[in-house]
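Next up, structure34.pdb (PDB, C-alpha atoms):
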ATOM      1  CA  MET E  13      -8.475  -2.593  -4.858
ATOM      2  CA  ILE E  14      -7.828   0.265  -2.472
ATOM      3  CA  ALA E  15      -4.530   1.767  -1.363
ATOM      4  CA  LEU E  16      -3.906   4.354   1.309
ATOM      5  CA  ILE E  17      -0.466   5.700   0.434
ATOM      6  CA  GLN E  18       1.761   7.799   2.627
ATOM      7  CA  ARG E  19       4.960   9.478   1.538
ATOM      8  CA  VAL E  20       7.531   8.540   4.170
ATOM      9  CA  THR E  21      11.109   9.216   5.117
ATOM     10  CA  GLN E  22      11.117   5.722   6.650
ATOM     11  CA  ALA E  23       8.656   2.938   7.448
ATOM     12  CA  SER E  24       8.721  -0.562   8.835
ATOM     13  CA  VAL E  25       6.376  -3.376   9.756
ATOM     14  CA  SER E  26       6.918  -5.882  12.559
ATOM     15  CA  VAL E  27       5.238  -9.135  13.535
ATOM     16  CA  GLU E  28       5.711 -10.509  17.058
ATOM     17  CA  GLY E  29       8.603  -8.117  17.652
ATOM     18  CA  ALA E  30      10.526  -9.049  14.493
ATOM     19  CA  THR E  31      10.856  -6.597  11.609
ATOM     20  CA  VAL E  32       9.532  -8.223   8.419
ATOM     21  CA  GLY E  33       9.770  -5.191   6.103
ATOM     22  CA  ARG E  34      11.586  -1.851   6.164
ATOM     23  CA  ILE E  35      12.199   1.006   3.730
ATOM     24  CA  GLY E  36      13.854   4.396   3.805
ATOM     25  CA  ALA E  37      12.344   7.259   1.818
ATOM     26  CA  GLY E  38       9.447   6.196  -0.390
ATOM     27  CA  LEU E  39       5.840   5.065  -0.048
ATOM     28  CA  LEU E  40       4.006   3.029   2.549
ATOM     29  CA  ALA E  41       0.909   1.544   0.904
ATOM     30  CA  LEU E  42      -1.850  -0.047   2.966
ATOM     31  CA  ILE E  43      -3.735  -2.327   0.562
ATOM     32  CA  ALA E  44      -7.299  -3.702   0.646
ATOM     33  CA  VAL E  45      -8.734  -6.131  -1.874
ATOM     34  CA  GLN E  46     -12.438  -5.942  -2.677
ATOM     35  CA  PRO E  47     -14.812  -8.547  -4.141
ATOM     36  CA  GLY E  48     -14.428  -8.668  -7.901
ATOM     37  CA  ASP E  49     -10.827  -7.446  -7.915
ATOM     38  CA  GLY E  50      -8.579  -9.307 -10.313
ATOM     39  CA  GLU E  51      -5.621  -8.992 -12.637
ATOM     40  CA  ALA E  52      -6.730  -5.668 -14.133
ATOM     41  CA  GLN E  53      -7.050  -4.049 -10.700
ATOM     42  CA  ALA E  54      -3.691  -5.413  -9.515
ATOM     43  CA  GLN E  55      -1.955  -4.162 -12.669
ATOM     44  CA  ARG E  56      -3.621  -0.740 -12.438
ATOM     45  CA  MET E  57      -2.843  -0.375  -8.738
ATOM     46  CA  CYS E  58       0.820  -1.130  -9.371
ATOM     47  CA  GLU E  59       0.892   1.484 -12.146
ATOM     48  CA  ARG E  60      -0.617   4.029  -9.773
ATOM     49  CA  LEU E  61       1.695   3.171  -6.873
ATOM     50  CA  LEU E  62       4.794   3.513  -9.015
ATOM     51  CA  GLY E  63       3.587   6.434 -11.119
ATOM     52  CA  TYR E  64       1.593   8.662  -8.759
ATOM     53  CA  ARG E  65       3.458  11.962  -8.508
ATOM     54  CA  VAL E  66       3.828  12.772  -4.811
ATOM     55  CA  PHE E  67       7.542  13.615  -4.586
ATOM     56  CA  ALA E  68       8.972  17.102  -5.037
ATOM     57  CA  ASP E  69      10.808  18.126  -8.168
ATOM     58  CA  GLU E  70      13.637  20.692  -8.250
ATOM     59  CA  VAL E  71      11.184  23.568  -7.667
ATOM     60  CA  GLY E  72       9.277  21.878  -4.852
ATOM     61  CA  LYS E  73       6.175  20.776  -6.814
ATOM     62  CA  MET E  74       4.783  17.265  -6.404
ATOM     63  CA  ASN E  75       5.871  16.216  -9.869
ATOM     64  CA  ARG E  76       7.964  13.075  -9.335
ATOM     65  CA  SER E  77       6.827   9.498  -8.864
ATOM     66  CA  LEU E  78       8.265   6.593  -6.916
ATOM     67  CA  ALA E  79       9.603   5.234 -10.214
ATOM     68  CA  ASP E  80      11.339   8.589 -10.790
ATOM     69  CA  THR E  81      12.927   8.739  -7.342
ATOM     70  CA  GLY E  82      13.819   5.055  -6.916
ATOM     71  CA  GLY E  83      12.440   5.154  -3.377
ATOM     72  CA  GLY E  84      11.235   2.147  -1.420
ATOM     73  CA  LEU E  85       7.736   0.675  -1.521
ATOM     74  CA  LEU E  86       6.346  -1.021   1.584
ATOM     75  CA  LEU E  87       3.124  -2.944   0.872
ATOM     76  CA  VAL E  88       0.973  -3.904   3.854
ATOM     77  CA  SER E  89      -2.331  -5.771   3.552
ATOM     78  CA  GLN E  90      -5.132  -4.041   5.448
ATOM     79  CA  PHE E  91      -8.620  -5.387   4.758
ATOM     80  CA  THR E  92     -10.188  -2.827   7.107
ATOM     81  CA  LEU E  93      -9.800  -0.153   4.400
ATOM     82  CA  ALA E  94     -12.598  -1.903   2.510
ATOM     83  CA  ALA E  95     -15.004  -1.785   5.468
ATOM     84  CA  ASP E  96     -18.502  -0.379   5.090
ATOM     85  CA  THR E  97     -18.754   2.364   7.727
ATOM     86  CA  HIS E  98     -21.866   4.129   6.455
ATOM     87  CA  SER E  99     -24.201   3.162   9.282
ATOM     88  CA  GLY E 100     -24.125   2.026  12.868
ATOM     89  CA  MET E 101     -21.199   2.040  15.239
ATOM     90  CA  ARG E 102     -19.447  -1.121  14.063
ATOM     91  CA  PRO E 103     -17.833  -1.637  10.637
ATOM     92  CA  SER E 104     -19.087  -4.312   8.268
ATOM     93  CA  PHE E 105     -16.542  -6.242   6.244
ATOM     94  CA  THR E 106     -18.903  -7.596   3.590
ATOM     95  CA  THR E 107     -17.300  -5.111   1.193
ATOM     96  CA  ALA E 108     -13.856  -6.708   1.630
ATOM     97  CA  ALA E 109     -12.665  -9.732  -0.349
ATOM     98  CA  THR E 110     -12.563 -13.130   1.322
ATOM     99  CA  PRO E 111      -9.246 -13.913   3.014
ATOM    100  CA  GLU E 112      -8.377 -16.355   0.211
ATOM    101  CA  ALA E 113      -9.071 -13.838  -2.571
ATOM    102  CA  GLY E 114      -7.416 -11.076  -0.567
ATOM    103  CA  ARG E 115      -4.226 -13.091  -0.144
ATOM    104  CA  HIS E 116      -4.173 -14.132  -3.804
ATOM    105  CA  TRP E 117      -4.568 -10.616  -5.220
ATOM    106  CA  PHE E 118      -2.318  -8.987  -2.610
ATOM    107  CA  ASP E 119       0.402 -11.525  -3.469
ATOM    108  CA  ARG E 120      -0.148 -10.841  -7.170
ATOM    109  CA  LEU E 121       0.238  -7.077  -6.575
ATOM    110  CA  VAL E 122       3.506  -7.764  -4.734
ATOM    111  CA  GLU E 123       4.751  -9.937  -7.611
ATOM    112  CA  ILE E 124       3.926  -7.256 -10.191
ATOM    113  CA  ALA E 125       5.559  -4.531  -8.086
ATOM    114  CA  LYS E 126       8.739  -6.564  -7.524
ATOM    115  CA  ASN E 127       9.010  -7.188 -11.270
ATOM    116  CA  ARG E 128       8.815  -3.439 -11.971
ATOM    117  CA  HIS E 129      10.536  -1.754  -9.026
ATOM    118  CA  SER E 130      13.126  -2.179  -6.326
ATOM    119  CA  PRO E 131      13.142  -2.079  -3.366
ATOM    120  CA  VAL E 132       9.735  -3.550  -2.517
ATOM    121  CA  GLU E 133       9.131  -4.785   1.026
ATOM    122  CA  ILE E 134       5.983  -6.340   2.491
ATOM    123  CA  GLY E 135       4.202  -7.038   5.725
ATOM    124  CA  ARG E 136       2.787 -10.475   6.543
ATOM    125  CA  PHE E 137      -0.697 -11.149   5.209
ATOM    126  CA  GLY E 138      -3.235 -11.921   7.936
ATOM    127  CA  ALA E 139      -0.811 -11.292  10.799
ATOM    128  CA  HIS E 140      -1.219  -8.816  13.635
ATOM    129  CA  MET E 141       1.300  -6.203  12.524
ATOM    130  CA  GLN E 142       2.806  -3.083  14.026
ATOM    131  CA  VAL E 143       3.466  -0.448  11.384
ATOM    132  CA  SER E 144       5.866   2.392  12.125
ATOM    133  CA  LEU E 145       6.366   5.346   9.844
ATOM    134  CA  VAL E 146       7.545   8.895   9.571
ATOM    135  CA  ASN E 147       5.058  10.555   7.227
ATOM    136  CA  ASP E 148       6.835  13.132   5.079
ATOM    137  CA  GLY E 149       4.734  16.280   4.711
ATOM    138  CA  PRO E 150       2.383  14.812   5.857
ATOM    139  CA  VAL E 151       1.383  13.508   2.439
ATOM    140  CA  THR E 152      -1.379  10.880   2.331
ATOM    141  CA  PHE E 153      -3.639   9.833  -0.557
ATOM    142  CA  TRP E 154      -6.460   7.345  -1.091
ATOM    143  CA  LEU E 155      -6.130   5.437  -4.397
ATOM    144  CA  ASP E 156      -8.768   3.198  -5.916
ATOM    145  CA  SER E 157      -8.274   0.960  -8.928
TER     146      SER E 157
END
Represent the structure contained in this file as structure tokens.
Amino acid sequence: MIALIQRVTQASVSVEGATVGRIGAGLLALIAVQPGDGEAQAQRMCERLLGYRVFADEVGKMNRSLADTGGGLLLVSQFTLAADTHSGMRPSFTTAATPEAGRHWFDRLVEIAKNRHSPVEIGRFGAHMQVSLVNDGPVTFWLDS
């Protein structure tokens, strides 16, 4: 499982002009599921999303996590993160999970996150989405479980 996380002051995701998820300060996480991902990867990714220290402490160091700050978490499925881009001029998606497996493990990640943190918002799996964000820093990290 892959996550591209961005520390944001606000973020939202819309489908067909309607907002389906919105947070204030927190993390936007674009999530890709890979073949072979399962419960262990979903659990570990949730731990990393909630525990990764990307927020400033009282002296300005990145020493606080989303769990520490109570900020929002916006999870958006994005299978293109798992693309193989090593050769040619067109990505290959053989390194991404099937849509069925992707949906299952993305939904499981959402369930785990909602049981451990609030607020958690989501995009719509498989939909054409418009993601809006104000990246704070900018701070962006690539996480792999």
Nearest residue to E:Phe105 from the set E:Ser26, E:Asn127, E:Ser77, E:Thr92 (distances using all atoms listed in the file):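 Using all atoms listed in the file, the shortest distance to E:Phe105 belongs to E:Thr92.
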Resolved residues for the PyMOL selection byres ((chain E and resi 54) around 12) as a ChimeraX atom specification: /E:13-15,43-46,48-53,55-61,114,116-125,156-157
Point-to-point distance from atom CA of E:Leu40 to atom CA of E:Thr81, Å rounded to tenths: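 Taking atom CA of E:Leu40 and atom CA of E:Thr81, their separation equals 14.5 Å.
When only C-alpha atoms are used to compute distances to E:Ala113, the closest of the residues E:Pro131, E:Leu85, E:Pro47, E:Tyr64 turns out to be E:Pro47.
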Taking all atoms of stretch 15-19 of chain E that appear in the file, build a box with edges along x, y and z, extend it by 3 Å on every side, and state its centre and edge lengths in Å to one decimal, as lines of an AutoDock Vina configuration file.
center_x = 0.2
center_y = 5.6
center_z = 0.6
size_x = 15.5
size_y = 13.7
size_z = 10.0
Do you know which residues the PyMOL selection byres ((chain E and resi 87) around 6) returns on this file, as a PDB file with C-alpha atoms, keeping the file's coordinate frame?
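Output saved as part-v9.pdb:
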ATOM      1  CA  ALA E  41       0.909   1.544   0.904  1.00  0.00           C
ATOM      2  CA  LEU E  86       6.346  -1.021   1.584  1.00  0.00           C
ATOM      3  CA  VAL E  88       0.973  -3.904   3.854  1.00  0.00           C
ATOM      4  CA  ILE E 134       5.983  -6.340   2.491  1.00  0.00           C
TER       5      ILE E 134
END
Given the PyMOL selection byres ((chain E and resi 68) around 12), the residues it picks as a list in words: Arg19, Gly38, Tyr64, Arg65, Val66, Phe67, Asp69, Glu70, Val71, Gly72, Lys73, Met74, Asn75, Arg76, Ser77, Leu78, Asp80, Thr81, Asp148, Gly149 and Val151 of chain E
Separation of atom CA of E:Phe91 from atom CA of E:Thr110 in Å: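 So the two atoms, atom CA of E:Thr110 and atom CA of E:Phe91, lie 9.3 Å apart.
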Atom CA of E:Arg136 to atom CA of E:Ala109, distance in Å rounded to a single decimal: 16.9 Å
Pick from E:Thr21, E:Thr152, E:Ser130, E:Ser99 nearest to E:Leu42, counting all atoms listed in the file: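 That would be E:Thr152, the residue with the smallest distance to E:Leu42.
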Spatial neighbours of E:Val27, max dist 8 Å, only C-alpha atoms, sep filter under 2 positions, as a ChimeraX atom specification: /E:25,29-32,136,139-142
Distance criterion (only C-alpha atoms): nearest to E:Arg115 out of E:Gln90, E:Gly84, E:Pro103, E:Phe137: E:Phe137
Option closest in space to E:Leu145, from E:Leu16, E:Asp96, E:Glu133, E:Ile35 [counting all atoms listed in the file]: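 Once distances to E:Leu145 are computed over all atoms listed in the file, the minimum belongs to E:Ile35.
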Shortest interatomic distance to E:Val20 - which of E:Gly83, E:Asn147, E:Leu155, E:Ser104, counting only C-alpha atoms: E:Asn147
